[in-house]
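run.csv, holding CSV, N, CA and C atoms and all ligand atoms:
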chain,number,residue,atom,x,y,z
H,1,MET,N,19.4,0.4,-4.8
H,1,MET,CA,17.9,0.4,-4.8
H,1,MET,C,17.5,-0.3,-6.1
H,2,HIS,N,18.2,0.0,-7.2
H,2,HIS,CA,17.8,-0.6,-8.5
H,2,HIS,C,17.8,-2.1,-8.5
H,3,LYS,N,18.8,-2.6,-7.7
H,3,LYS,CA,18.9,-4.1,-7.6
H,3,LYS,C,17.7,-4.7,-6.9
H,4,PHE,N,17.2,-4.0,-5.9
H,4,PHE,CA,16.0,-4.5,-5.2
H,4,PHE,C,14.8,-4.5,-6.2
H,5,GLN,N,14.7,-3.5,-7.0
H,5,GLN,CA,13.7,-3.5,-8.0
H,5,GLN,C,13.8,-4.6,-9.0
H,6,VAL,N,15.0,-4.9,-9.5
H,6,VAL,CA,15.2,-6.0,-10.4
H,6,VAL,C,15.0,-7.3,-9.7
H,7,ALA,N,15.4,-7.4,-8.5
H,7,ALA,CA,15.1,-8.7,-7.7
H,7,ALA,C,13.6,-8.9,-7.6
H,8,THR,N,12.8,-7.8,-7.4
H,8,THR,CA,11.4,-7.9,-7.3
H,8,THR,C,10.8,-8.4,-8.7
H,9,TYR,N,11.3,-7.9,-9.8
H,9,TYR,CA,10.8,-8.4,-11.1
H,9,TYR,C,11.1,-9.9,-11.2
H,10,ARG,N,12.3,-10.3,-10.8
H,10,ARG,CA,12.7,-11.7,-10.9
H,10,ARG,C,11.8,-12.5,-10.1
H,11,HIS,N,11.5,-12.0,-8.9
H,11,HIS,CA,10.6,-12.8,-8.0
H,11,HIS,C,9.2,-12.9,-8.6
H,12,LEU,N,8.7,-11.9,-9.2
H,12,LEU,CA,7.3,-11.9,-9.7
H,12,LEU,C,7.1,-12.4,-11.1
H,13,THR,N,8.1,-12.4,-11.9
H,13,THR,CA,8.0,-12.7,-13.3
H,13,THR,C,8.6,-14.0,-13.7
H,14,PRO,N,7.8,-15.0,-14.0
H,14,PRO,CA,8.3,-16.3,-14.4
H,14,PRO,C,9.2,-16.2,-15.6
H,15,GLY,N,10.4,-16.7,-15.6
H,15,GLY,CA,11.3,-16.7,-16.7
H,15,GLY,C,12.3,-15.5,-16.7
H,16,ALA,N,12.0,-14.6,-15.7
H,16,ALA,CA,13.0,-13.4,-15.6
H,16,ALA,C,14.3,-13.9,-15.2
H,17,LYS,N,15.4,-13.4,-15.8
H,17,LYS,CA,16.7,-13.9,-15.4
H,17,LYS,C,17.4,-13.3,-14.2
H,18,GLY,N,16.9,-12.1,-13.9
H,18,GLY,CA,17.5,-11.4,-12.7
H,18,GLY,C,18.8,-10.7,-13.1
H,19,THR,N,18.9,-10.2,-14.3
H,19,THR,CA,20.0,-9.5,-14.7
H,19,THR,C,19.5,-8.1,-15.2
H,20,GLY,N,20.4,-7.1,-15.1
H,20,GLY,CA,20.0,-5.8,-15.5
H,20,GLY,C,21.2,-5.0,-16.0
H,21,ARG,N,21.0,-3.8,-16.5
H,21,ARG,CA,22.1,-3.0,-17.0
H,21,ARG,C,21.7,-1.5,-16.7
H,22,ILE,N,22.6,-0.7,-16.2
H,22,ILE,CA,22.4,0.7,-16.1
H,22,ILE,C,23.2,1.4,-17.1
H,23,ASP,N,22.6,2.2,-17.9
H,23,ASP,CA,23.2,3.0,-18.9
H,23,ASP,C,23.3,4.5,-18.4
H,24,THR,N,24.4,5.0,-18.3
H,24,THR,CA,24.6,6.4,-17.8
H,24,THR,C,25.2,7.2,-18.9
H,25,LEU,N,24.5,8.3,-19.3
H,25,LEU,CA,25.0,9.2,-20.3
H,25,LEU,C,25.9,10.2,-19.6
H,26,VAL,N,27.1,10.3,-20.0
H,26,VAL,CA,28.0,11.3,-19.3
H,26,VAL,C,28.3,12.5,-20.2
H,27,LYS,N,28.0,13.6,-19.7
H,27,LYS,CA,28.1,14.9,-20.5
H,27,LYS,C,29.6,15.4,-20.3
H,28,THR,N,30.4,14.9,-21.2
H,28,THR,CA,31.8,15.4,-21.2
H,28,THR,C,32.0,16.1,-22.6
H,29,LYS,N,33.3,16.4,-22.9
H,29,LYS,CA,33.6,17.1,-24.2
H,29,LYS,C,33.0,16.3,-25.3
H,30,SER,N,33.3,15.0,-25.3
H,30,SER,CA,32.6,14.1,-26.2
H,30,SER,C,31.7,13.2,-25.4
H,31,PRO,N,30.4,13.3,-25.5
H,31,PRO,CA,29.5,12.5,-24.6
H,31,PRO,C,29.8,11.0,-24.7
H,32,GLN,N,29.7,10.4,-23.5
H,32,GLN,CA,30.0,8.9,-23.5
H,32,GLN,C,28.8,8.2,-22.8
H,33,ILE,N,28.6,7.0,-23.1
H,33,ILE,CA,27.6,6.2,-22.4
H,33,ILE,C,28.4,5.1,-21.6
H,34,ILE,N,28.2,5.1,-20.4
H,34,ILE,CA,28.8,4.1,-19.5
H,34,ILE,C,27.8,3.0,-19.2
H,35,GLN,N,28.1,1.8,-19.4
H,35,GLN,CA,27.2,0.7,-19.2
H,35,GLN,C,27.7,-0.2,-18.1
H,36,GLN,N,26.8,-0.5,-17.1
H,36,GLN,CA,27.2,-1.3,-16.0
H,36,GLN,C,26.1,-2.5,-15.9
H,37,SER,N,26.6,-3.7,-16.1
H,37,SER,CA,25.7,-4.8,-16.0
H,37,SER,C,25.8,-5.5,-14.7
H,38,PHE,N,24.7,-6.1,-14.2
H,38,PHE,CA,24.8,-6.7,-12.9
H,38,PHE,C,23.8,-7.9,-13.0
H,39,ALA,N,24.0,-8.8,-12.0
H,39,ALA,CA,23.1,-10.0,-11.8
H,39,ALA,C,22.7,-10.0,-10.4
H,40,ILE,N,21.4,-10.3,-10.1
H,40,ILE,CA,20.9,-10.4,-8.8
H,40,ILE,C,21.4,-11.7,-8.1
H,41,THR,N,21.9,-11.5,-6.9
H,41,THR,CA,22.4,-12.7,-6.2
H,41,THR,C,21.3,-13.3,-5.4
H,42,GLU,N,21.5,-14.5,-4.9
H,42,GLU,CA,20.5,-15.2,-4.1
H,42,GLU,C,20.2,-14.4,-2.8
H,43,GLN,N,21.3,-13.8,-2.3
H,43,GLN,CA,21.1,-13.0,-1.1
H,43,GLN,C,20.2,-11.7,-1.4
H,44,GLU,N,20.4,-11.1,-2.5
H,44,GLU,CA,19.6,-10.0,-2.9
H,44,GLU,C,18.1,-10.4,-3.2
H,45,LEU,N,18.0,-11.6,-3.7
H,45,LEU,CA,16.6,-12.1,-4.0
H,45,LEU,C,16.0,-12.4,-2.6
H,46,ARG,N,16.7,-12.9,-1.7
H,46,ARG,CA,16.2,-13.2,-0.4
H,46,ARG,C,15.6,-11.9,0.3
H,47,ALA,N,16.1,-10.8,0.0
H,47,ALA,CA,15.6,-9.5,0.6
H,47,ALA,C,14.2,-9.3,0.2
H,48,THR,N,13.8,-9.7,-1.0
H,48,THR,CA,12.4,-9.5,-1.5
H,48,THR,C,11.5,-10.5,-0.7
H,49,HIS,N,12.0,-11.6,-0.3
H,49,HIS,CA,11.2,-12.6,0.4
H,49,HIS,C,11.0,-12.2,1.9
H,50,THR,N,11.9,-11.4,2.4
H,50,THR,CA,11.8,-11.0,3.8
H,50,THR,C,11.2,-9.6,4.0
H,51,LEU,N,11.5,-8.7,3.1
H,51,LEU,CA,11.1,-7.3,3.4
H,51,LEU,C,9.6,-7.1,2.9
H,52,TYR,N,9.2,-7.7,1.8
H,52,TYR,CA,7.8,-7.5,1.4
H,52,TYR,C,6.7,-8.0,2.4
H,53,PRO,N,6.9,-9.2,3.0
H,53,PRO,CA,6.0,-9.6,4.0
H,53,PRO,C,5.9,-8.6,5.2
H,54,ILE,N,7.1,-8.1,5.6
H,54,ILE,CA,7.1,-7.1,6.7
H,54,ILE,C,6.3,-5.9,6.3
H,55,ALA,N,6.5,-5.4,5.1
H,55,ALA,CA,5.8,-4.2,4.6
H,55,ALA,C,4.3,-4.5,4.6
H,56,GLN,N,3.9,-5.6,4.1
H,56,GLN,CA,2.5,-6.0,4.1
H,56,GLN,C,1.9,-6.0,5.4
H,57,LYS,N,2.6,-6.6,6.4
H,57,LYS,CA,2.1,-6.7,7.8
H,57,LYS,C,1.9,-5.3,8.3
H,58,LEU,N,2.8,-4.4,8.1
H,58,LEU,CA,2.7,-3.0,8.6
H,58,LEU,C,1.5,-2.3,7.9
H,59,MET,N,1.4,-2.4,6.6
H,59,MET,CA,0.3,-1.7,5.9
H,59,MET,C,-1.0,-2.2,6.4
H,60,ARG,N,-1.1,-3.5,6.6
H,60,ARG,CA,-2.4,-4.1,7.1
H,60,ARG,C,-2.7,-3.6,8.5
H,61,GLY,N,-1.7,-3.2,9.2
H,61,GLY,CA,-1.9,-2.6,10.5
H,61,GLY,C,-2.0,-1.1,10.5
H,62,GLY,N,-2.1,-0.6,9.3
H,62,GLY,CA,-2.3,0.9,9.2
H,62,GLY,C,-1.0,1.7,9.3
H,63,VAL,N,0.2,1.0,9.2
H,63,VAL,CA,1.4,1.8,9.3
H,63,VAL,C,2.0,1.9,8.0
H,64,TYR,N,2.2,3.1,7.5
H,64,TYR,CA,2.8,3.4,6.2
H,64,TYR,C,4.1,4.1,6.4
H,65,LEU,N,5.3,3.5,6.2
H,65,LEU,CA,6.5,4.1,6.5
H,65,LEU,C,6.9,5.1,5.3
H,66,PRO,N,7.5,6.2,5.7
H,66,PRO,CA,7.9,7.1,4.6
H,66,PRO,C,9.1,6.5,3.8
H,67,ASN,N,9.1,6.9,2.5
H,67,ASN,CA,10.2,6.5,1.7
H,67,ASN,C,11.0,7.7,1.3
H,68,ARG,N,11.9,8.1,2.1
H,68,ARG,CA,12.7,9.3,1.9
H,68,ARG,C,13.8,9.0,0.8
H,69,GLN,N,14.0,7.7,0.5
H,69,GLN,CA,15.0,7.4,-0.5
H,69,GLN,C,14.5,7.6,-1.9
H,70,SER,N,13.1,7.8,-2.0
H,70,SER,CA,12.5,7.9,-3.3
H,70,SER,C,13.0,9.1,-4.1
H,71,MET,N,13.2,8.9,-5.4
H,71,MET,CA,13.7,10.0,-6.2
H,71,MET,C,12.6,11.2,-6.3
H,72,THR,N,11.4,10.9,-6.0
H,72,THR,CA,10.3,11.9,-6.0
H,72,THR,C,10.0,12.5,-4.6
H,73,CYS,N,10.8,12.1,-3.6
H,73,CYS,CA,10.6,12.6,-2.3
H,73,CYS,C,11.3,13.9,-2.1
H,74,SER,N,10.5,15.0,-2.1
H,74,SER,CA,11.1,16.3,-1.8
H,74,SER,C,9.9,17.3,-1.4
H,75,ARG,N,10.3,18.4,-0.8
H,75,ARG,CA,9.3,19.4,-0.5
H,75,ARG,C,8.6,19.9,-1.7
H,76,ARG,N,9.3,20.0,-2.8
H,76,ARG,CA,8.7,20.5,-4.0
H,76,ARG,C,7.7,19.5,-4.6
H,77,ASN,N,8.0,18.2,-4.5
H,77,ASN,CA,7.1,17.2,-5.1
H,77,ASN,C,6.0,16.7,-4.3
H,78,CYS,N,6.1,16.8,-2.9
H,78,CYS,CA,5.2,16.1,-2.1
H,78,CYS,C,4.4,17.1,-1.2
H,79,ALA,N,3.1,17.1,-1.4
H,79,ALA,CA,2.2,18.0,-0.6
H,79,ALA,C,2.2,17.6,0.9
H,80,TYR,N,2.6,16.4,1.2
H,80,TYR,CA,2.5,16.0,2.6
H,80,TYR,C,3.8,16.1,3.4
H,81,TRP,N,4.8,16.8,2.9
H,81,TRP,CA,6.1,16.8,3.5
H,81,TRP,C,6.1,17.3,4.9
H,82,ARG,N,5.3,18.3,5.2
H,82,ARG,CA,5.2,18.9,6.6
H,82,ARG,C,4.7,17.8,7.6
H,83,HIS,N,3.6,17.2,7.1
H,83,HIS,CA,3.0,16.1,8.0
H,83,HIS,C,4.0,15.0,8.1
H,84,CYS,N,4.7,14.6,7.1
H,84,CYS,CA,5.6,13.6,7.1
H,84,CYS,C,6.8,13.9,8.1
H,85,GLU,N,7.3,15.1,8.1
H,85,GLU,CA,8.4,15.5,9.0
H,85,GLU,C,7.8,15.4,10.4
H,86,GLN,N,6.6,15.9,10.6
H,86,GLN,CA,6.0,16.0,11.9
H,86,GLN,C,5.8,14.6,12.5
H,87,GLU,N,5.3,13.7,11.7
H,87,GLU,CA,5.1,12.4,12.2
H,87,GLU,C,6.3,11.5,12.4
H,88,TRP,N,7.2,11.6,11.4
H,88,TRP,CA,8.4,10.7,11.4
H,88,TRP,C,9.7,11.3,11.7
H,89,GLY,N,9.7,12.7,11.8
H,89,GLY,CA,11.0,13.3,12.1
H,89,GLY,C,11.9,13.4,10.9
H,90,GLY,N,13.1,13.8,11.1
H,90,GLY,CA,14.0,13.9,9.9
H,90,GLY,C,13.7,15.2,9.2
H,91,GLU,N,14.3,15.3,8.0
H,91,GLU,CA,14.1,16.5,7.2
H,91,GLU,C,13.9,16.0,5.7
H,92,VAL,N,12.8,16.5,5.1
H,92,VAL,CA,12.6,16.2,3.7
H,92,VAL,C,13.4,17.1,2.9
H,93,PRO,N,14.1,16.6,1.9
H,93,PRO,CA,15.0,17.5,1.1
H,93,PRO,C,14.1,18.5,0.3
H,94,GLU,N,14.7,19.7,0.0
H,94,GLU,CA,14.0,20.7,-0.7
H,94,GLU,C,13.7,20.3,-2.1
H,95,THR,N,14.7,19.7,-2.8
H,95,THR,CA,14.4,19.3,-4.2
H,95,THR,C,14.8,17.9,-4.4
H,101,LIG,S1,7.8,13.6,2.2
H,101,LIG,FE1,6.2,12.7,0.9
H,101,LIG,S2,7.3,11.5,-0.6
H,101,LIG,FE2,8.7,11.9,1.0
H,101,LIG,S3,8.5,10.2,2.4
H,101,LIG,FE3,7.2,11.7,3.2
H,101,LIG,S4,5.2,11.2,2.3
H,101,LIG,FE4,6.7,10.1,1.1

Re-express the file's structure as structure tokens.
Ligand code: SF4
Amino acid sequence: MHKFQVATYRHLTPGAKGTGRIDTLVKTKSPQIIQQSFAITEQELRATHTLYPIAQKLMRGGVYLPNRQSMTCSRRNCAYWRHCEQEWGGEVPET
């Protein structure tokens, strides 16, 4: 998911290189930081060209798809989770 976000920035921002890095702090006996660098491929950039127009078309038609992959999607964080489950099915996570 983070690559799609960075691909979006590359798409929208003139001069953006389309590279990113994830820093993960690992809680071990002696804490470590793990760094993972990546570059957006043309195929990943293409996804922004195809998916955003579809999302735009749906929204203009009054269709708003749920984003259950969001880090903030949970019963605890979202007041609409019951309605969301009723309309779209599936199960919203507790936390
Ligand atoms: S439960 Fe809330 S945050 Fe999760 S997809 Fe549905 S509307 Fe979005």

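Residues in contact with ligand LIG 101 (chain H) comprise Pro66, Asn67, Arg68, Thr72, Cys73, Ser74, Cys78, Tyr80, Trp81 and Cys84 of chain H, where contact means an atom-to-atom distance of at most 5 Å counting all atoms listed in the file.
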
(message) For the alpha helix (DSSP H) assignment from backbone DSSP, which residues of range 36-85 of chain H qualify? Please present them as a PyMOL selection string.
(response) chain H and resi 42-60+81-85

Using N, CA and C atoms, can you export the residues from the last selection as a PDB file, in the frame of the given file?
ATOM      1  N   GLU H  42      21.500 -14.500  -4.900  1.00  0.00           N
ATOM      2  CA  GLU H  42      20.500 -15.200  -4.100  1.00  0.00           C
ATOM      3  C   GLU H  42      20.200 -14.400  -2.800  1.00  0.00           C
ATOM      4  N   GLN H  43      21.300 -13.800  -2.300  1.00  0.00           N
ATOM      5  CA  GLN H  43      21.100 -13.000  -1.100  1.00  0.00           C
ATOM      6  C   GLN H  43      20.200 -11.700  -1.400  1.00  0.00           C
ATOM      7  N   GLU H  44      20.400 -11.100  -2.500  1.00  0.00           N
ATOM      8  CA  GLU H  44      19.600 -10.000  -2.900  1.00  0.00           C
ATOM      9  C   GLU H  44      18.100 -10.400  -3.200  1.00  0.00           C
ATOM     10  N   LEU H  45      18.000 -11.600  -3.700  1.00  0.00           N
ATOM     11  CA  LEU H  45      16.600 -12.100  -4.000  1.00  0.00           C
ATOM     12  C   LEU H  45      16.000 -12.400  -2.600  1.00  0.00           C
ATOM     13  N   ARG H  46      16.700 -12.900  -1.700  1.00  0.00           N
ATOM     14  CA  ARG H  46      16.200 -13.200  -0.400  1.00  0.00           C
ATOM     15  C   ARG H  46      15.600 -11.900   0.300  1.00  0.00           C
ATOM     16  N   ALA H  47      16.100 -10.800   0.000  1.00  0.00           N
ATOM     17  CA  ALA H  47      15.600  -9.500   0.600  1.00  0.00           C
ATOM     18  C   ALA H  47      14.200  -9.300   0.200  1.00  0.00           C
ATOM     19  N   THR H  48      13.800  -9.700  -1.000  1.00  0.00           N
ATOM     20  CA  THR H  48      12.400  -9.500  -1.500  1.00  0.00           C
ATOM     21  C   THR H  48      11.500 -10.500  -0.700  1.00  0.00           C
ATOM     22  N   HIS H  49      12.000 -11.600  -0.300  1.00  0.00           N
ATOM     23  CA  HIS H  49      11.200 -12.600   0.400  1.00  0.00           C
ATOM     24  C   HIS H  49      11.000 -12.200   1.900  1.00  0.00           C
ATOM     25  N   THR H  50      11.900 -11.400   2.400  1.00  0.00           N
ATOM     26  CA  THR H  50      11.800 -11.000   3.800  1.00  0.00           C
ATOM     27  C   THR H  50      11.200  -9.600   4.000  1.00  0.00           C
ATOM     28  N   LEU H  51      11.500  -8.700   3.100  1.00  0.00           N
ATOM     29  CA  LEU H  51      11.100  -7.300   3.400  1.00  0.00           C
ATOM     30  C   LEU H  51       9.600  -7.100   2.900  1.00  0.00           C
ATOM     31  N   TYR H  52       9.200  -7.700   1.800  1.00  0.00           N
ATOM     32  CA  TYR H  52       7.800  -7.500   1.400  1.00  0.00           C
ATOM     33  C   TYR H  52       6.700  -8.000   2.400  1.00  0.00           C
ATOM     34  N   PRO H  53       6.900  -9.200   3.000  1.00  0.00           N
ATOM     35  CA  PRO H  53       6.000  -9.600   4.000  1.00  0.00           C
ATOM     36  C   PRO H  53       5.900  -8.600   5.200  1.00  0.00           C
ATOM     37  N   ILE H  54       7.100  -8.100   5.600  1.00  0.00           N
ATOM     38  CA  ILE H  54       7.100  -7.100   6.700  1.00  0.00           C
ATOM     39  C   ILE H  54       6.300  -5.900   6.300  1.00  0.00           C
ATOM     40  N   ALA H  55       6.500  -5.400   5.100  1.00  0.00           N
ATOM     41  CA  ALA H  55       5.800  -4.200   4.600  1.00  0.00           C
ATOM     42  C   ALA H  55       4.300  -4.500   4.600  1.00  0.00           C
ATOM     43  N   GLN H  56       3.900  -5.600   4.100  1.00  0.00           N
ATOM     44  CA  GLN H  56       2.500  -6.000   4.100  1.00  0.00           C
ATOM     45  C   GLN H  56       1.900  -6.000   5.400  1.00  0.00           C
ATOM     46  N   LYS H  57       2.600  -6.600   6.400  1.00  0.00           N
ATOM     47  CA  LYS H  57       2.100  -6.700   7.800  1.00  0.00           C
ATOM     48  C   LYS H  57       1.900  -5.300   8.300  1.00  0.00           C
ATOM     49  N   LEU H  58       2.800  -4.400   8.100  1.00  0.00           N
ATOM     50  CA  LEU H  58       2.700  -3.000   8.600  1.00  0.00           C
ATOM     51  C   LEU H  58       1.500  -2.300   7.900  1.00  0.00           C
ATOM     52  N   MET H  59       1.400  -2.400   6.600  1.00  0.00           N
ATOM     53  CA  MET H  59       0.300  -1.700   5.900  1.00  0.00           C
ATOM     54  C   MET H  59      -1.000  -2.200   6.400  1.00  0.00           C
ATOM     55  N   ARG H  60      -1.100  -3.500   6.600  1.00  0.00           N
ATOM     56  CA  ARG H  60      -2.400  -4.100   7.100  1.00  0.00           C
ATOM     57  C   ARG H  60      -2.700  -3.600   8.500  1.00  0.00           C
ATOM     58  N   TRP H  81       4.800  16.800   2.900  1.00  0.00           N
ATOM     59  CA  TRP H  81       6.100  16.800   3.500  1.00  0.00           C
ATOM     60  C   TRP H  81       6.100  17.300   4.900  1.00  0.00           C
ATOM     61  N   ARG H  82       5.300  18.300   5.200  1.00  0.00           N
ATOM     62  CA  ARG H  82       5.200  18.900   6.600  1.00  0.00           C
ATOM     63  C   ARG H  82       4.700  17.800   7.600  1.00  0.00           C
ATOM     64  N   HIS H  83       3.600  17.200   7.100  1.00  0.00           N
ATOM     65  CA  HIS H  83       3.000  16.100   8.000  1.00  0.00           C
ATOM     66  C   HIS H  83       4.000  15.000   8.100  1.00  0.00           C
ATOM     67  N   CYS H  84       4.700  14.600   7.100  1.00  0.00           N
ATOM     68  CA  CYS H  84       5.600  13.600   7.100  1.00  0.00           C
ATOM     69  C   CYS H  84       6.800  13.900   8.100  1.00  0.00           C
ATOM     70  N   GLU H  85       7.300  15.100   8.100  1.00  0.00           N
ATOM     71  CA  GLU H  85       8.400  15.500   9.000  1.00  0.00           C
ATOM     72  C   GLU H  85       7.800  15.400  10.400  1.00  0.00           C
TER      73      GLU H  85
END

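Take atom C of Gln36 in chain H and atom C of Thr50 in chain H: the distance between them is 25.9 Å.
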
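Among the candidate residues H:Lys29, H:Phe4, H:Thr95, H:Gly90, the one lying nearest to Ala47 in chain H is H:Phe4, with distances computed using all atoms listed in the file.
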
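Atom C of Leu45 in chain H sits 8.6 Å away from atom C of Arg10 in chain H.
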
(message) What's the separation between CA of Ile22 in chain H and atom C of His2 in chain H, in Å to one decimal place?
(response) 9.3 Å

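Closest approach to His11 in chain H from the set H:Pro31, H:His49, H:Pro93, H:Ala39 is made by H:His49, with distances taken over all atoms listed in the file.
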
(message) If you run DSSP on the backbone here, which positions in chain H get strand (DSSP E)? Please write them as an NGL selection string.
(response) :H and (19-26 or 32-39)

(request) Could you tell me which of H:Leu58, H:Leu51, H:Glu91, H:Thr24 comes closest to Ser37 in chain H if we count only C-alpha atoms? (result) H:Thr24

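The nearest approach to Ile34 in chain H among the residues H:Arg46, H:Arg21, H:Val63, H:Met71, with only N, CA and C atoms taken into account, belongs to H:Arg21.
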
(message) Neighbouring residues of Gln5 in chain H were defined as those with any atom within 12 Å, considering only C-alpha atoms; residues of the same chain fewer than 6 positions away were excluded. Please report them as a VMD selection string.
(response) chain H and resid 11 to 12 18 to 20 40 44 to 45 47 to 48 52

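Of the listed residues (H:Gln56, H:Thr41, H:Ser30, H:Glu94), H:Thr41 comes nearest to Ala7 in chain H; the distances count only N, CA and C atoms.
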
N, CA, C and O atoms are what I want for range 53-72 of chain H; can you complete it accordingly and write them as a PDB file, keeping the file's coordinate frame?
ATOM      1  N   PRO H  53       6.900  -9.200   3.000  1.00  0.00           N
ATOM      2  CA  PRO H  53       6.000  -9.600   4.000  1.00  0.00           C
ATOM      3  C   PRO H  53       5.900  -8.600   5.200  1.00  0.00           C
ATOM      4  O   PRO H  53       4.850  -8.427   5.806  1.00  0.00           O
ATOM      5  N   ILE H  54       7.100  -8.100   5.600  1.00  0.00           N
ATOM      6  CA  ILE H  54       7.100  -7.100   6.700  1.00  0.00           C
ATOM      7  C   ILE H  54       6.300  -5.900   6.300  1.00  0.00           C
ATOM      8  O   ILE H  54       5.465  -5.342   7.102  1.00  0.00           O
ATOM      9  N   ALA H  55       6.500  -5.400   5.100  1.00  0.00           N
ATOM     10  CA  ALA H  55       5.800  -4.200   4.600  1.00  0.00           C
ATOM     11  C   ALA H  55       4.300  -4.500   4.600  1.00  0.00           C
ATOM     12  O   ALA H  55       3.484  -3.600   4.959  1.00  0.00           O
ATOM     13  N   GLN H  56       3.900  -5.600   4.100  1.00  0.00           N
ATOM     14  CA  GLN H  56       2.500  -6.000   4.100  1.00  0.00           C
ATOM     15  C   GLN H  56       1.900  -6.000   5.400  1.00  0.00           C
ATOM     16  O   GLN H  56       0.782  -5.504   5.637  1.00  0.00           O
ATOM     17  N   LYS H  57       2.600  -6.600   6.400  1.00  0.00           N
ATOM     18  CA  LYS H  57       2.100  -6.700   7.800  1.00  0.00           C
ATOM     19  C   LYS H  57       1.900  -5.300   8.300  1.00  0.00           C
ATOM     20  O   LYS H  57       0.852  -4.978   8.977  1.00  0.00           O
ATOM     21  N   LEU H  58       2.800  -4.400   8.100  1.00  0.00           N
ATOM     22  CA  LEU H  58       2.700  -3.000   8.600  1.00  0.00           C
ATOM     23  C   LEU H  58       1.500  -2.300   7.900  1.00  0.00           C
ATOM     24  O   LEU H  58       0.750  -1.609   8.602  1.00  0.00           O
ATOM     25  N   MET H  59       1.400  -2.400   6.600  1.00  0.00           N
ATOM     26  CA  MET H  59       0.300  -1.700   5.900  1.00  0.00           C
ATOM     27  C   MET H  59      -1.000  -2.200   6.400  1.00  0.00           C
ATOM     28  O   MET H  59      -1.968  -1.430   6.531  1.00  0.00           O
ATOM     29  N   ARG H  60      -1.100  -3.500   6.600  1.00  0.00           N
ATOM     30  CA  ARG H  60      -2.400  -4.100   7.100  1.00  0.00           C
ATOM     31  C   ARG H  60      -2.700  -3.600   8.500  1.00  0.00           C
ATOM     32  O   ARG H  60      -3.887  -3.514   8.867  1.00  0.00           O
ATOM     33  N   GLY H  61      -1.700  -3.200   9.200  1.00  0.00           N
ATOM     34  CA  GLY H  61      -1.900  -2.600  10.500  1.00  0.00           C
ATOM     35  C   GLY H  61      -2.000  -1.100  10.500  1.00  0.00           C
ATOM     36  O   GLY H  61      -2.075  -0.457  11.545  1.00  0.00           O
ATOM     37  N   GLY H  62      -2.100  -0.600   9.300  1.00  0.00           N
ATOM     38  CA  GLY H  62      -2.300   0.900   9.200  1.00  0.00           C
ATOM     39  C   GLY H  62      -1.000   1.700   9.300  1.00  0.00           C
ATOM     40  O   GLY H  62      -1.048   2.923   9.459  1.00  0.00           O
ATOM     41  N   VAL H  63       0.200   1.000   9.200  1.00  0.00           N
ATOM     42  CA  VAL H  63       1.400   1.800   9.300  1.00  0.00           C
ATOM     43  C   VAL H  63       2.000   1.900   8.000  1.00  0.00           C
ATOM     44  O   VAL H  63       2.293   0.880   7.288  1.00  0.00           O
ATOM     45  N   TYR H  64       2.200   3.100   7.500  1.00  0.00           N
ATOM     46  CA  TYR H  64       2.800   3.400   6.200  1.00  0.00           C
ATOM     47  C   TYR H  64       4.100   4.100   6.400  1.00  0.00           C
ATOM     48  O   TYR H  64       4.094   5.304   6.840  1.00  0.00           O
ATOM     49  N   LEU H  65       5.300   3.500   6.200  1.00  0.00           N
ATOM     50  CA  LEU H  65       6.500   4.100   6.500  1.00  0.00           C
ATOM     51  C   LEU H  65       6.900   5.100   5.300  1.00  0.00           C
ATOM     52  O   LEU H  65       6.581   4.806   4.183  1.00  0.00           O
ATOM     53  N   PRO H  66       7.500   6.200   5.700  1.00  0.00           N
ATOM     54  CA  PRO H  66       7.900   7.100   4.600  1.00  0.00           C
ATOM     55  C   PRO H  66       9.100   6.500   3.800  1.00  0.00           C
ATOM     56  O   PRO H  66       9.840   5.698   4.257  1.00  0.00           O
ATOM     57  N   ASN H  67       9.100   6.900   2.500  1.00  0.00           N
ATOM     58  CA  ASN H  67      10.200   6.500   1.700  1.00  0.00           C
ATOM     59  C   ASN H  67      11.000   7.700   1.300  1.00  0.00           C
ATOM     60  O   ASN H  67      10.863   8.228   0.165  1.00  0.00           O
ATOM     61  N   ARG H  68      11.900   8.100   2.100  1.00  0.00           N
ATOM     62  CA  ARG H  68      12.700   9.300   1.900  1.00  0.00           C
ATOM     63  C   ARG H  68      13.800   9.000   0.800  1.00  0.00           C
ATOM     64  O   ARG H  68      14.463   9.938   0.394  1.00  0.00           O
ATOM     65  N   GLN H  69      14.000   7.700   0.500  1.00  0.00           N
ATOM     66  CA  GLN H  69      15.000   7.400  -0.500  1.00  0.00           C
ATOM     67  C   GLN H  69      14.500   7.600  -1.900  1.00  0.00           C
ATOM     68  O   GLN H  69      15.182   7.457  -2.921  1.00  0.00           O
ATOM     69  N   SER H  70      13.100   7.800  -2.000  1.00  0.00           N
ATOM     70  CA  SER H  70      12.500   7.900  -3.300  1.00  0.00           C
ATOM     71  C   SER H  70      13.000   9.100  -4.100  1.00  0.00           C
ATOM     72  O   SER H  70      13.271  10.145  -3.520  1.00  0.00           O
ATOM     73  N   MET H  71      13.200   8.900  -5.400  1.00  0.00           N
ATOM     74  CA  MET H  71      13.700  10.000  -6.200  1.00  0.00           C
ATOM     75  C   MET H  71      12.600  11.200  -6.300  1.00  0.00           C
ATOM     76  O   MET H  71      12.968  12.306  -6.544  1.00  0.00           O
ATOM     77  N   THR H  72      11.400  10.900  -6.000  1.00  0.00           N
ATOM     78  CA  THR H  72      10.300  11.900  -6.000  1.00  0.00           C
ATOM     79  C   THR H  72      10.000  12.500  -4.600  1.00  0.00           C
ATOM     80  O   THR H  72       9.158  13.324  -4.516  1.00  0.00           O
TER      81      THR H  72
END
